[in-house]
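Below: one structure, written as structure tokens.
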Amino acid sequence: MTISVLVADQERAFADVVAARLDEEDDIEVTGAVQVQAPGSSLLAGKSADVILLDGDLPDDAANRLCEELSGRGKPTRVIMLSVSSEPERIVKALRARAAAWVRKDATLEYLLRVIRGVAQGECWLPPSETAEVIQLLIRGQDRNQKNQQLLNKLTARERAVLACLAEGAAHRDAVAKQLHLSTHTVRTHMQNLMAKLGVHSMLEAVALTRGDVEPYGDSTIST
């Protein structure tokens with residue numbers, strides 16, 4: 001089986017070198033070496049491959065956003081994140097963005113080839129030294145999400161509607177009141193009640209909790 005590979009990195013020289021080395025392999029066909037700098041999903045528009053080596057160090061979380069888009073296409077692309085580091089927290093974020101592997105840029109060519117071939121077969125690869133901690137973080141995140149969902153289940157239908165409006169982009173209670181055809185006072189009451197049930201100190205925390213971003217009873221300086 002021939003594996004098509006696209007290399008996308010902030011440094012064009014790095015992308016070219018990696019692409020040239022990979023293209024020497026009989027079972028790998030390099031479809032391109034692309035320089036990506038500015039964040040945005042249009043960076044790789046029209047580009048496709050079985051496996052994409054993507055610069056995991058792109059600014060503003062652009063790598064994870066690109067990974068989600070690439071993995072959600074009609075023909076899913078397997079994404080390998082390349083990075084100068086291997087912090088477990090960053091690896092977990094990449095996995096949640098559907099990355100198939102995380103490889104340090106200083107890894108050997110032999111190791112990178114093993115990862116590419118494994119990923120093309122449906123495998124997931126993590127840095128051996130970080131695997132245990134990554135798994136622990138994933139487990140803790142799952143437990144936290146379950147705990148948060150139990151709290152959200154305590155909300156009434158109207159309280160859920162108020163929270164949903166804010167999560168979808170409503171900037172303040174006046175906007176929520178207009179969207180739900182309620183008085184500002186009623187919306188404020190719903191906000192106060194749902195914050196009490198969720199055990200948070202602001203609506204920002206409440207919205208973050210719905211996305212699994214915070215623990216209940218977290219700290220915040222933003223109020224309703």
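Each chain of the structure tokens is named A, B, ... in the order shown, its residues numbered from 1; ligands are numbered from 1 in display order.
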
### Query
Which parts of region 66-169 of chain A does DSSP call strand (DSSP E) when run on the backbone here, written out as a list in words?
Arg78, Val79, Ile80, Met81, Leu82, Ser83, Ala101, Trp102, Val103 and Arg104 of chain A

Write out the residues from the selection above, keeping N, CA and C atoms, as a JSON list (two decimals), in the first residue's frame.
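What ended up in out_2.json:
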```
[["chain", "number", "residue", "atom", "x", "y", "z"],
["A", 78, "ARG", "N", -5.64, 11.30, 8.44],
["A", 78, "ARG", "CA", -4.97, 11.03, 9.71],
["A", 78, "ARG", "C", -3.90, 12.10, 9.92],
["A", 79, "VAL", "N", -3.95, 12.78, 11.04],
["A", 79, "VAL", "CA", -3.04, 13.90, 11.31],
["A", 79, "VAL", "C", -2.02, 13.51, 12.37],
["A", 80, "ILE", "N", -0.76, 13.75, 12.04],
["A", 80, "ILE", "CA", 0.34, 13.58, 12.98],
["A", 80, "ILE", "C", 0.84, 14.97, 13.35],
["A", 81, "MET", "N", 0.76, 15.31, 14.62],
["A", 81, "MET", "CA", 1.26, 16.61, 15.07],
["A", 81, "MET", "C", 2.78, 16.52, 15.29],
["A", 82, "LEU", "N", 3.50, 17.47, 14.72],
["A", 82, "LEU", "CA", 4.94, 17.58, 14.94],
["A", 82, "LEU", "C", 5.20, 18.80, 15.81],
["A", 83, "SER", "N", 6.01, 18.63, 16.85],
["A", 83, "SER", "CA", 6.25, 19.74, 17.78],
["A", 83, "SER", "C", 7.66, 19.67, 18.35],
["A", 101, "ALA", "N", -1.51, 11.12, 16.22],
["A", 101, "ALA", "CA", -0.19, 10.90, 16.82],
["A", 101, "ALA", "C", 0.46, 12.24, 17.15],
["A", 102, "TRP", "N", 1.42, 12.17, 18.05],
["A", 102, "TRP", "CA", 2.22, 13.35, 18.43],
["A", 102, "TRP", "C", 3.68, 12.93, 18.37],
["A", 103, "VAL", "N", 4.48, 13.63, 17.57],
["A", 103, "VAL", "CA", 5.89, 13.28, 17.40],
["A", 103, "VAL", "C", 6.74, 14.54, 17.57],
["A", 104, "ARG", "N", 7.79, 14.41, 18.35],
["A", 104, "ARG", "CA", 8.72, 15.53, 18.50],
["A", 104, "ARG", "C", 9.52, 15.71, 17.21]]
```

#### Entry: Per-residue DSSP, region 5-224 of chain A, filtered to helix (DSSP H, G or I), as a PyMOL selection string
chain A and resi 12-22+41-44+59-71+88-96+109-120+128-152+157-167+173-180+184-198+203-210

Report as a PDB file with N, CA and C atoms, in the first residue's frame all protein, DNA and RNA residues lying within 12 Å of Ile135 (chain A), evaluated on only C-alpha atoms, omitting residues in the same chain fewer than 6 positions from it.
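Produced file around.pdb, reproduced below:
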```pdb
ATOM      1  N   PRO A  88       2.279  16.880  28.152  1.00  0.00           N
ATOM      2  CA  PRO A  88       1.082  16.028  28.148  1.00  0.00           C
ATOM      3  C   PRO A  88      -0.208  16.803  27.925  1.00  0.00           C
ATOM      4  N   GLU A  89      -0.316  18.009  28.495  1.00  0.00           N
ATOM      5  CA  GLU A  89      -1.542  18.790  28.341  1.00  0.00           C
ATOM      6  C   GLU A  89      -1.786  19.137  26.876  1.00  0.00           C
ATOM      7  N   ILE A  91      -0.651  17.443  24.287  1.00  0.00           N
ATOM      8  CA  ILE A  91      -0.949  16.206  23.577  1.00  0.00           C
ATOM      9  C   ILE A  91      -2.419  15.833  23.756  1.00  0.00           C
ATOM     10  N   VAL A  92      -2.937  16.005  24.975  1.00  0.00           N
ATOM     11  CA  VAL A  92      -4.340  15.703  25.240  1.00  0.00           C
ATOM     12  C   VAL A  92      -5.246  16.576  24.380  1.00  0.00           C
ATOM     13  N   LEU A  95      -5.227  15.240  20.876  1.00  0.00           N
ATOM     14  CA  LEU A  95      -6.020  14.013  20.755  1.00  0.00           C
ATOM     15  C   LEU A  95      -7.507  14.336  20.702  1.00  0.00           C
ATOM     16  N   LEU A 126       1.826   7.854  20.669  1.00  0.00           N
ATOM     17  CA  LEU A 126       2.161   8.903  21.629  1.00  0.00           C
ATOM     18  C   LEU A 126       3.630   8.772  22.013  1.00  0.00           C
ATOM     19  N   PRO A 127       4.271   9.863  22.438  1.00  0.00           N
ATOM     20  CA  PRO A 127       5.652   9.760  22.920  1.00  0.00           C
ATOM     21  C   PRO A 127       5.707   8.786  24.093  1.00  0.00           C
ATOM     22  N   PRO A 128       6.528   7.751  24.038  1.00  0.00           N
ATOM     23  CA  PRO A 128       6.560   6.737  25.095  1.00  0.00           C
ATOM     24  C   PRO A 128       6.727   7.314  26.494  1.00  0.00           C
ATOM     25  N   SER A 129       7.557   8.349  26.632  1.00  0.00           N
ATOM     26  CA  SER A 129       7.827   8.907  27.958  1.00  0.00           C
ATOM     27  C   SER A 129       6.641   9.671  28.525  1.00  0.00           C
ATOM     28  N   GLY A 141     -10.087  13.961  32.759  1.00  0.00           N
ATOM     29  CA  GLY A 141     -10.979  14.809  31.977  1.00  0.00           C
ATOM     30  C   GLY A 141     -12.337  14.163  31.780  1.00  0.00           C
ATOM     31  N   GLN A 142     -12.347  12.855  31.557  1.00  0.00           N
ATOM     32  CA  GLN A 142     -13.613  12.144  31.388  1.00  0.00           C
ATOM     33  C   GLN A 142     -14.409  12.156  32.683  1.00  0.00           C
TER      34      GLN A 142
END
```
